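Text of upload33.tsv, listed as TSV, C-alpha atoms:
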```
chain	number	residue	atom	x	y	z
A	644	MET	CA	-33.63	-101.37	30.26
A	645	ALA	CA	-29.97	-100.51	30.63
A	646	THR	CA	-29.93	-98.73	27.27
A	647	SER	CA	-32.89	-96.50	28.21
A	648	LEU	CA	-31.24	-94.96	31.28
A	649	PRO	CA	-28.87	-92.55	29.48
A	650	GLY	CA	-31.74	-91.24	27.37
A	651	GLY	CA	-33.88	-90.83	30.46
A	652	ALA	CA	-31.05	-89.02	32.20
A	653	ARG	CA	-30.69	-86.67	29.27
A	654	LEU	CA	-34.41	-85.93	29.27
A	655	HIS	CA	-34.27	-85.32	33.00
A	656	ALA	CA	-31.34	-82.93	32.56
A	657	ILE	CA	-33.15	-81.07	29.77
A	658	ALA	CA	-36.26	-80.77	31.95
A	659	ASP	CA	-34.16	-79.48	34.85
A	660	GLY	CA	-32.51	-76.90	32.58
A	661	ALA	CA	-35.83	-75.72	31.23
A	662	LEU	CA	-37.24	-75.47	34.75
A	663	SER	CA	-34.22	-73.45	35.89
A	664	THR	CA	-34.65	-71.08	32.93
A	665	VAL	CA	-38.34	-70.59	33.67
A	666	THR	CA	-37.62	-70.08	37.37
A	667	ALA	CA	-34.93	-67.48	36.62
A	668	ALA	CA	-37.20	-65.68	34.16
A	669	THR	CA	-40.06	-65.69	36.67
A	670	SER	CA	-37.76	-64.32	39.36
A	671	ASP	CA	-36.54	-61.56	37.02
A	672	LEU	CA	-40.10	-60.62	36.09
A	673	ALA	CA	-41.18	-60.57	39.74
A	674	GLN	CA	-38.22	-58.36	40.64
A	675	ALA	CA	-38.99	-56.04	37.73
A	676	ALA	CA	-42.68	-55.86	38.66
A	677	GLY	CA	-41.86	-54.97	42.27
A	678	TYR	CA	-39.39	-52.32	41.18
A	679	ALA	CA	-41.89	-50.87	38.70
A	680	ALA	CA	-44.61	-50.71	41.33
A	681	ARG	CA	-42.34	-48.75	43.67
A	682	THR	CA	-40.97	-46.45	40.97
A	683	PHE	CA	-43.89	-45.62	38.70
A	684	THR	CA	-46.41	-44.95	41.48
A	685	SER	CA	-44.34	-42.19	43.07
A	686	ARG	CA	-45.03	-38.54	42.29
A	687	ALA	CA	-41.81	-38.26	40.25
A	688	GLY	CA	-42.68	-41.52	38.52
A	689	LEU	CA	-46.10	-40.27	37.51
A	690	ARG	CA	-44.55	-37.11	36.05
A	691	GLY	CA	-42.06	-39.26	34.18
A	692	LEU	CA	-44.83	-41.46	32.80
A	693	ALA	CA	-46.70	-38.38	31.56
A	694	LEU	CA	-43.58	-37.13	29.75
A	695	GLU	CA	-42.90	-40.59	28.33
A	696	GLY	CA	-46.44	-40.84	27.00
A	697	ALA	CA	-46.41	-37.34	25.51
A	698	TRP	CA	-43.08	-37.88	23.76
A	699	LEU	CA	-44.17	-41.32	22.52
A	700	ALA	CA	-47.16	-39.73	20.79
A	701	ALA	CA	-44.99	-36.97	19.30
A	702	HIS	CA	-42.31	-39.45	18.25
A	703	LEU	CA	-44.83	-41.65	16.44
A	704	ALA	CA	-45.95	-38.61	14.46
A	705	LEU	CA	-42.34	-37.71	13.60
A	706	TYR	CA	-41.23	-41.28	12.84
A	707	PRO	CA	-42.11	-41.26	9.09
A	708	ILE	CA	-40.13	-38.03	8.61
A	709	GLY	CA	-37.13	-39.61	10.33
A	710	LEU	CA	-36.96	-42.41	7.75
A	711	ALA	CA	-35.37	-40.01	5.27
A	712	GLU	CA	-31.61	-39.58	5.43
A	713	GLU	CA	-30.31	-36.28	6.73
A	714	THR	CA	-27.82	-34.27	4.68
A	715	VAL	CA	-24.66	-33.04	6.38
A	716	ARG	CA	-24.88	-29.27	6.63
A	717	PRO	CA	-21.58	-27.77	7.81
A	718	GLN	CA	-22.15	-24.27	9.13
A	719	GLY	CA	-19.34	-21.75	8.91
A	720	HIS	CA	-19.26	-19.16	11.70
A	721	TRP	CA	-17.12	-16.48	10.08
A	722	ARG	CA	-19.58	-13.77	11.08
A	723	THR	CA	-21.26	-13.73	14.48
A	724	ASP	CA	-23.36	-10.56	14.28
A	725	SER	CA	-26.33	-12.50	12.86
A	726	LEU	CA	-26.20	-15.22	15.53
A	727	PRO	CA	-28.43	-15.20	18.61
A	728	PRO	CA	-26.60	-14.53	21.91
A	729	VAL	CA	-26.35	-18.18	23.02
A	730	LYS	CA	-24.79	-19.30	19.74
A	731	ARG	CA	-22.52	-16.27	19.58
A	732	SER	CA	-21.13	-16.92	23.07
A	733	LEU	CA	-20.05	-20.47	22.24
A	734	VAL	CA	-18.58	-19.55	18.86
A	735	VAL	CA	-16.59	-16.64	20.29
A	736	ALA	CA	-15.50	-18.47	23.46
A	737	ASP	CA	-14.35	-21.65	21.74
A	738	PRO	CA	-14.76	-22.03	17.98
A	739	ALA	CA	-13.15	-25.49	18.13
A	740	ALA	CA	-15.86	-26.73	20.51
A	741	ALA	CA	-18.58	-25.15	18.37
A	742	GLY	CA	-17.15	-26.68	15.20
A	743	THR	CA	-16.56	-30.27	16.33
A	744	PRO	CA	-19.22	-32.40	14.58
A	745	ILE	CA	-21.74	-34.28	16.72
A	746	LEU	CA	-23.08	-37.58	15.36
A	747	LEU	CA	-26.39	-38.91	16.76
A	748	VAL	CA	-27.10	-42.67	16.69
A	749	HIS	CA	-30.59	-44.01	17.43
A	750	GLY	CA	-31.68	-47.23	19.14
A	751	ILE	CA	-33.28	-50.49	18.06
A	752	MET	CA	-36.23	-50.30	15.63
A	753	ASP	CA	-35.99	-46.51	15.70
A	754	ASN	CA	-34.66	-43.74	13.45
A	755	ARG	CA	-33.12	-40.30	13.69
A	756	SER	CA	-36.46	-38.69	14.64
A	757	VAL	CA	-35.83	-39.66	18.27
A	758	PHE	CA	-33.22	-36.87	18.30
A	759	THR	CA	-35.49	-34.15	16.87
A	760	VAL	CA	-35.59	-32.11	20.08
A	761	PHE	CA	-32.04	-32.98	21.12
A	762	ALA	CA	-30.50	-31.92	17.79
A	763	HIS	CA	-32.50	-28.67	17.76
A	764	GLU	CA	-31.28	-27.78	21.25
A	765	LEU	CA	-27.64	-28.49	20.37
A	766	ARG	CA	-27.85	-26.29	17.28
A	767	ARG	CA	-29.59	-23.55	19.26
A	768	ARG	CA	-26.71	-23.57	21.73
A	769	GLY	CA	-24.18	-22.93	18.98
A	770	PHE	CA	-22.91	-26.32	17.81
A	771	GLY	CA	-22.40	-25.94	14.08
A	772	VAL	CA	-22.63	-29.55	12.84
A	773	VAL	CA	-25.19	-31.86	14.42
A	774	HIS	CA	-25.92	-34.86	12.20
A	775	ALA	CA	-28.32	-37.72	12.95
A	776	ILE	CA	-27.95	-40.97	11.03
A	777	ASN	CA	-30.11	-44.00	10.32
A	778	TYR	CA	-28.88	-47.55	10.25
A	779	SER	CA	-30.90	-50.42	8.85
A	780	LEU	CA	-33.96	-51.64	10.78
A	781	LEU	CA	-32.85	-55.12	9.73
A	782	THR	CA	-29.54	-54.84	11.61
A	783	ASP	CA	-28.99	-58.06	13.54
A	784	ASP	CA	-25.40	-57.69	14.68
A	785	VAL	CA	-23.68	-55.02	16.81
A	786	ARG	CA	-20.34	-55.52	15.06
A	787	THR	CA	-21.86	-54.99	11.61
A	788	ALA	CA	-23.60	-51.83	12.80
A	789	ALA	CA	-20.31	-50.61	14.31
A	790	HIS	CA	-18.57	-51.03	10.94
A	791	GLU	CA	-21.40	-49.06	9.35
A	792	LEU	CA	-20.97	-46.38	12.00
A	793	ARG	CA	-17.27	-46.11	11.20
A	794	GLY	CA	-18.21	-45.27	7.62
A	795	HIS	CA	-20.57	-42.53	8.80
A	796	VAL	CA	-17.84	-41.07	11.01
A	797	GLU	CA	-15.30	-40.99	8.18
A	798	ARG	CA	-17.77	-39.36	5.79
A	799	LEU	CA	-18.67	-36.75	8.39
A	800	ARG	CA	-15.01	-35.95	9.04
A	801	GLU	CA	-14.36	-35.66	5.32
A	802	ALA	CA	-17.37	-33.37	4.79
A	803	THR	CA	-16.44	-31.08	7.68
A	804	GLY	CA	-12.64	-31.26	7.64
A	805	SER	CA	-12.66	-32.12	11.35
A	806	ASP	CA	-10.11	-34.43	12.94
A	807	ARG	CA	-12.43	-35.54	15.73
A	808	VAL	CA	-16.14	-36.00	16.36
A	809	HIS	CA	-18.50	-36.44	19.29
A	810	ILE	CA	-21.10	-39.24	19.29
A	811	VAL	CA	-24.39	-39.41	21.19
A	812	GLY	CA	-26.06	-42.83	21.23
A	813	HIS	CA	-29.54	-43.63	22.51
A	814	SER	CA	-30.18	-47.17	23.77
A	815	LEU	CA	-28.62	-49.67	21.31
A	816	GLY	CA	-26.92	-46.76	19.54
A	817	GLY	CA	-24.70	-46.28	22.58
A	818	VAL	CA	-23.62	-49.93	22.56
A	819	ILE	CA	-22.84	-49.79	18.83
A	820	ALA	CA	-20.78	-46.64	19.30
A	821	ARG	CA	-18.99	-48.10	22.32
A	822	TYR	CA	-18.01	-51.18	20.30
A	823	TYR	CA	-16.61	-48.92	17.58
A	824	VAL	CA	-14.65	-46.91	20.14
A	825	GLN	CA	-13.30	-49.80	22.21
A	826	ARG	CA	-12.85	-52.60	19.71
A	827	MET	CA	-12.27	-50.91	16.35
A	828	GLY	CA	-9.91	-48.06	17.21
A	829	GLY	CA	-12.62	-45.43	17.15
A	830	ASP	CA	-11.13	-43.74	20.21
A	831	ALA	CA	-8.56	-42.19	17.83
A	832	VAL	CA	-11.26	-39.94	16.36
A	833	VAL	CA	-14.14	-39.94	18.87
A	834	ASP	CA	-13.50	-37.26	21.46
A	835	THR	CA	-16.61	-37.87	23.58
A	836	LEU	CA	-19.25	-40.62	23.53
A	837	ALA	CA	-22.51	-39.90	25.37
A	838	THR	CA	-24.84	-42.86	25.93
A	839	LEU	CA	-28.49	-42.36	26.88
A	840	GLY	CA	-30.18	-45.41	28.40
A	841	SER	CA	-27.78	-47.87	26.74
A	842	PRO	CA	-27.71	-51.49	28.03
A	843	HIS	CA	-23.98	-51.64	28.80
A	844	SER	CA	-24.57	-54.78	30.88
A	845	GLY	CA	-27.55	-55.98	28.86
A	846	SER	CA	-31.27	-56.07	29.59
A	847	ASN	CA	-33.36	-59.00	30.77
A	848	LEU	CA	-36.13	-57.72	28.50
A	849	ALA	CA	-34.00	-58.92	25.57
A	850	ARG	CA	-34.63	-62.50	26.73
A	851	LEU	CA	-38.23	-62.21	25.54
A	852	ALA	CA	-37.29	-61.93	21.84
A	853	PRO	CA	-35.38	-64.78	20.12
A	854	LEU	CA	-33.73	-62.45	17.60
A	855	PRO	CA	-29.96	-62.46	16.97
A	856	LEU	CA	-29.62	-58.80	17.99
A	857	CYS	CA	-31.64	-59.30	21.17
A	858	ARG	CA	-29.47	-62.28	22.09
A	859	GLN	CA	-26.45	-59.95	21.91
A	860	LEU	CA	-28.16	-57.57	24.36
A	861	ARG	CA	-28.83	-60.18	27.03
A	862	PRO	CA	-26.74	-59.92	30.21
A	863	GLY	CA	-23.55	-61.93	29.89
A	864	SER	CA	-23.70	-62.29	26.11
A	865	PRO	CA	-20.40	-62.86	24.27
A	866	ILE	CA	-20.36	-59.36	22.78
A	867	LEU	CA	-20.98	-57.71	26.16
A	868	ARG	CA	-18.22	-59.83	27.67
A	869	GLU	CA	-16.00	-58.64	24.82
A	870	LEU	CA	-16.74	-55.03	25.79
A	871	ASP	CA	-15.77	-55.86	29.39
A	872	GLU	CA	-12.27	-56.85	28.25
A	873	PRO	CA	-9.37	-54.47	29.03
A	874	ALA	CA	-9.19	-51.26	26.99
A	875	PRO	CA	-5.95	-49.65	28.19
A	876	GLY	CA	-5.25	-46.17	26.90
A	877	CYS	CA	-8.75	-45.59	25.52
A	878	ARG	CA	-8.78	-41.89	24.59
A	879	THR	CA	-12.53	-41.32	24.41
A	880	ARG	CA	-14.34	-39.71	27.32
A	881	PHE	CA	-17.73	-41.25	28.18
A	882	LEU	CA	-20.86	-39.46	29.38
A	883	VAL	CA	-23.46	-41.93	30.67
A	884	VAL	CA	-27.09	-40.96	31.29
A	885	TRP	CA	-29.36	-43.54	32.89
A	886	SER	CA	-32.64	-43.60	34.78
A	887	ARG	CA	-34.04	-45.71	37.58
A	888	MET	CA	-37.39	-45.40	35.78
A	889	ASP	CA	-36.17	-46.93	32.52
A	890	GLU	CA	-38.79	-49.47	31.44
A	891	ILE	CA	-36.65	-51.04	28.69
A	892	ILE	CA	-33.36	-51.68	30.50
A	893	VAL	CA	-34.05	-54.29	33.21
A	894	PRO	CA	-32.52	-54.03	35.73
A	895	GLN	CA	-32.16	-50.30	35.22
A	896	TRP	CA	-28.63	-50.07	36.63
A	897	ASN	CA	-27.39	-52.14	33.70
A	898	SER	CA	-27.28	-48.80	31.85
A	899	ARG	CA	-24.37	-47.75	34.04
A	900	LEU	CA	-20.89	-48.16	32.60
A	901	ARG	CA	-18.38	-49.76	34.94
A	902	HIS	CA	-15.01	-50.37	33.32
A	903	PRO	CA	-11.63	-49.71	34.99
A	904	ASP	CA	-10.00	-48.46	31.78
A	905	LEU	CA	-12.71	-46.01	30.71
A	906	ASP	CA	-13.11	-42.38	31.73
A	907	VAL	CA	-16.80	-42.12	32.68
A	908	THR	CA	-18.94	-39.25	33.95
A	909	GLU	CA	-22.46	-40.28	34.94
A	910	LEU	CA	-25.84	-38.55	35.23
A	911	GLU	CA	-28.58	-40.46	37.06
A	912	PHE	CA	-32.34	-39.82	36.97
A	913	ASP	CA	-35.21	-41.36	38.88
A	914	ASP	CA	-38.09	-39.81	36.93
A	915	VAL	CA	-37.40	-40.26	33.20
A	916	GLY	CA	-38.53	-43.10	30.96
A	917	HIS	CA	-36.39	-44.74	28.31
A	918	LEU	CA	-37.79	-42.96	25.28
A	919	ALA	CA	-37.83	-39.52	26.95
A	920	LEU	CA	-34.13	-39.48	27.86
A	921	PRO	CA	-33.12	-37.55	24.69
A	922	VAL	CA	-35.80	-34.88	25.25
A	923	ASP	CA	-35.29	-34.23	28.95
A	924	ARG	CA	-33.81	-30.74	29.38
A	925	ARG	CA	-31.34	-32.00	32.02
A	926	THR	CA	-29.92	-34.52	29.54
A	927	VAL	CA	-29.48	-31.81	26.92
A	928	HIS	CA	-27.84	-29.46	29.43
A	929	PHE	CA	-25.48	-32.16	30.74
A	930	VAL	CA	-24.27	-33.20	27.29
A	931	ALA	CA	-24.16	-29.71	25.76
A	932	SER	CA	-22.38	-28.08	28.69
A	933	THR	CA	-19.78	-30.86	28.81
A	934	LEU	CA	-19.07	-30.61	25.08
A	935	ALA	CA	-18.88	-26.81	25.30
A	936	ARG	CA	-16.33	-26.63	28.10
A	937	GLY	CA	-13.60	-25.96	25.58
A	938	GLU	CA	-10.41	-27.37	24.22
A	939	ALA	CA	-8.25	-25.95	27.03
A	940	GLU	CA	-10.18	-27.84	29.68
A	941	ARG	CA	-10.20	-30.93	27.48
A	942	ARG	CA	-6.40	-30.81	27.15
A	943	GLU	CA	-6.05	-30.48	30.91
A	944	HIS	CA	-8.44	-33.41	31.35
A	945	ASP	CA	-6.32	-35.49	28.95
A	946	ARG	CA	-3.12	-34.49	30.75
A	947	VAL	CA	-4.47	-35.67	34.12
A	948	ARG	CA	-5.74	-38.90	32.56
A	949	ASP	CA	-2.42	-39.62	30.85
A	950	ARG	CA	-0.52	-38.93	34.07
A	951	ARG	CA	-2.79	-41.35	35.92
A	952	LEU	CA	-2.29	-43.96	33.18
A	953	ARG	CA	1.50	-43.60	33.32
A	954	GLY	CA	1.37	-43.98	37.10
A	955	SER	CA	-0.66	-47.17	36.73
A	956	LEU	CA	1.82	-48.58	34.23
A	957	ARG	CA	4.76	-47.82	36.54
A	958	LEU	CA	2.89	-49.47	39.41
A	959	VAL	CA	2.26	-52.58	37.33
A	960	GLY	CA	5.94	-52.65	36.34
A	961	ARG	CA	7.11	-52.51	39.96
A	962	HIS	CA	4.74	-55.30	40.97
A	963	ALA	CA	5.88	-57.39	38.01
A	964	ALA	CA	9.52	-56.87	38.99
A	965	GLN	CA	8.81	-57.85	42.59
A	966	GLY	CA	6.91	-60.90	41.47
A	967	ALA	CA	9.80	-61.96	39.26
```
For the file at hand, write its structure as structure tokens.
Amino acid sequence: MATSLPGGARLHAIADGALSTVTAATSDLAQAAGYAARTFTSRAGLRGLALEGAWLAAHLALYPIGLAEETVRPQGHWRTDSLPPVKRSLVVADPAAAGTPILLVHGIMDNRSVFTVFAHELRRRGFGVVHAINYSLLTDDVRTAAHELRGHVERLREATGSDRVHIVGHSLGGVIARYYVQRMGGDAVVDTLATLGSPHSGSNLARLAPLPLCRQLRPGSPILRELDEPAPGCRTRFLVVWSRMDEIIVPQWNSRLRHPDLDVTELEFDDVGHLALPVDRRTVHFVASTLARGEAERREHDRVRDRRLRGSLRLVGRHAAQGA
């Protein structure tokens, strides 16, 4: 009898743990269902659902085309007389902004076709090199995908002769790019990283799939805790687009990026679904207008950031001296 008690206690503990997990999952689902009922039944929510459905149908039709790799096509803008007015204005106003390559990184189980509209709009506005990549559908590790991304960045820089690039990541693509920037020194070459509906703090929906990659996207996972670690002096500027109607990131505010060392500008929606974020005209305008503001403004932005960083370091030094 005495020997059976430890085993019984272990079974009891296992049962309690399983019950706690089920209770937490049920609570999360109930919270998500209540939020969805309030969000998707509003007038804005219904419009967002219509756009999400329309783009889903279009995306499914484009998906097979997106499986093929895209060739880098650098565009020289030595003559502007043949360009439409919108392109001409960007090229003339700031050729450096127009010539900085933009790399587009898709989300989980997707391909570059998700950026069909987005890439077209960027090119129409005058950006000379807009290149969407595919990574393997069998990717099961964010770190591995980030190393693959680094290779794409280096090849794009070599093909274009550019020192720096911009990256736009949708969903998982934003997390992969953020890992490259924060943990692999990518901030040395990535000027701006825009994330569209990326689970910076994870998504409870990832708990439903027992896949290695999904485990990394659960709230509190080791890789997300790694991204929460200090990143002093990070040189990349972040543009974060998220929506309160996102049906994939649960809770939706986990798409926000809160990190004391990162320079973040945020755009919030309440009427756009997850898949439609790259096709919403406000997303395109936000990203394109920010990237087109010019090198002079970017240098001033960097100067203010560096001054703030130096002030923080001096403050830390004074406190350390007082503590000593």
Review point. Which of these residues is nearest to A:Leu799, using all atoms listed in the file: A:Ala693, A:Ala831, A:Leu747, A:Ile708?
Key: A:Leu747
Study note, to complete from the structure: Closest of A:His809, A:Gly750, A:Glu869, A:Arg800 to A:Thr782, counting all atoms listed in the file, is A:Gly750
Exercise for review: Using atom CA of A:Phe929 and atom CA of A:Gly804 as the two end points, give the distance in Å to one decimal.
Suggested key: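 Going from atom CA of A:Phe929 over to atom CA of A:Gly804, I get 26.4 Å.
Considering only C-alpha atoms, the residue among A:Val927, A:Leu694, A:Tyr822, A:Arg936 positioned nearest to A:Leu765 is A:Val927.
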Review point. For A:Thr714, which of A:Arg887, A:Arg798, A:Arg793, A:His763 is the closest residue, counting only C-alpha atoms?
Key: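 Of A:Arg887, A:Arg798, A:Arg793, A:His763, the one nearest A:Thr714 is A:Arg798, counting only C-alpha atoms.
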Can stretch 852-863 of chain A be brought up to N, CA and C atoms and written out as a PDB file, in the coordinates of the input?
```
ATOM      1  N   ALA A 852     -37.276 -61.878  23.303  1.00  0.00           N
ATOM      2  CA  ALA A 852     -37.290 -61.930  21.840  1.00  0.00           C
ATOM      3  C   ALA A 852     -36.144 -62.811  21.351  1.00  0.00           C
ATOM      4  N   PRO A 853     -36.435 -63.867  20.596  1.00  0.00           N
ATOM      5  CA  PRO A 853     -35.380 -64.780  20.120  1.00  0.00           C
ATOM      6  C   PRO A 853     -34.685 -64.300  18.858  1.00  0.00           C
ATOM      7  N   LEU A 854     -34.395 -63.014  18.777  1.00  0.00           N
ATOM      8  CA  LEU A 854     -33.730 -62.450  17.600  1.00  0.00           C
ATOM      9  C   LEU A 854     -32.234 -62.378  17.841  1.00  0.00           C
ATOM     10  N   PRO A 855     -31.421 -62.497  16.793  1.00  0.00           N
ATOM     11  CA  PRO A 855     -29.960 -62.460  16.970  1.00  0.00           C
ATOM     12  C   PRO A 855     -29.495 -61.201  17.699  1.00  0.00           C
ATOM     13  N   LEU A 856     -30.037 -60.045  17.347  1.00  0.00           N
ATOM     14  CA  LEU A 856     -29.620 -58.800  17.990  1.00  0.00           C
ATOM     15  C   LEU A 856     -30.008 -58.773  19.461  1.00  0.00           C
ATOM     16  N   CYS A 857     -31.199 -59.260  19.764  1.00  0.00           N
ATOM     17  CA  CYS A 857     -31.640 -59.300  21.170  1.00  0.00           C
ATOM     18  C   CYS A 857     -30.773 -60.257  21.983  1.00  0.00           C
ATOM     19  N   ARG A 858     -30.346 -61.358  21.364  1.00  0.00           N
ATOM     20  CA  ARG A 858     -29.470 -62.280  22.090  1.00  0.00           C
ATOM     21  C   ARG A 858     -28.157 -61.591  22.460  1.00  0.00           C
ATOM     22  N   GLN A 859     -27.688 -60.678  21.605  1.00  0.00           N
ATOM     23  CA  GLN A 859     -26.450 -59.950  21.910  1.00  0.00           C
ATOM     24  C   GLN A 859     -26.643 -58.957  23.047  1.00  0.00           C
ATOM     25  N   LEU A 860     -27.884 -58.562  23.321  1.00  0.00           N
ATOM     26  CA  LEU A 860     -28.160 -57.570  24.360  1.00  0.00           C
ATOM     27  C   LEU A 860     -28.596 -58.195  25.679  1.00  0.00           C
ATOM     28  N   ARG A 861     -28.519 -59.522  25.765  1.00  0.00           N
ATOM     29  CA  ARG A 861     -28.830 -60.180  27.030  1.00  0.00           C
ATOM     30  C   ARG A 861     -27.633 -60.109  27.969  1.00  0.00           C
ATOM     31  N   PRO A 862     -27.865 -59.966  29.261  1.00  0.00           N
ATOM     32  CA  PRO A 862     -26.740 -59.920  30.210  1.00  0.00           C
ATOM     33  C   PRO A 862     -25.823 -61.125  30.041  1.00  0.00           C
ATOM     34  N   GLY A 863     -24.526 -60.864  30.009  1.00  0.00           N
ATOM     35  CA  GLY A 863     -23.550 -61.930  29.890  1.00  0.00           C
ATOM     36  C   GLY A 863     -23.337 -62.463  28.496  1.00  0.00           C
TER      37      GLY A 863
END
```
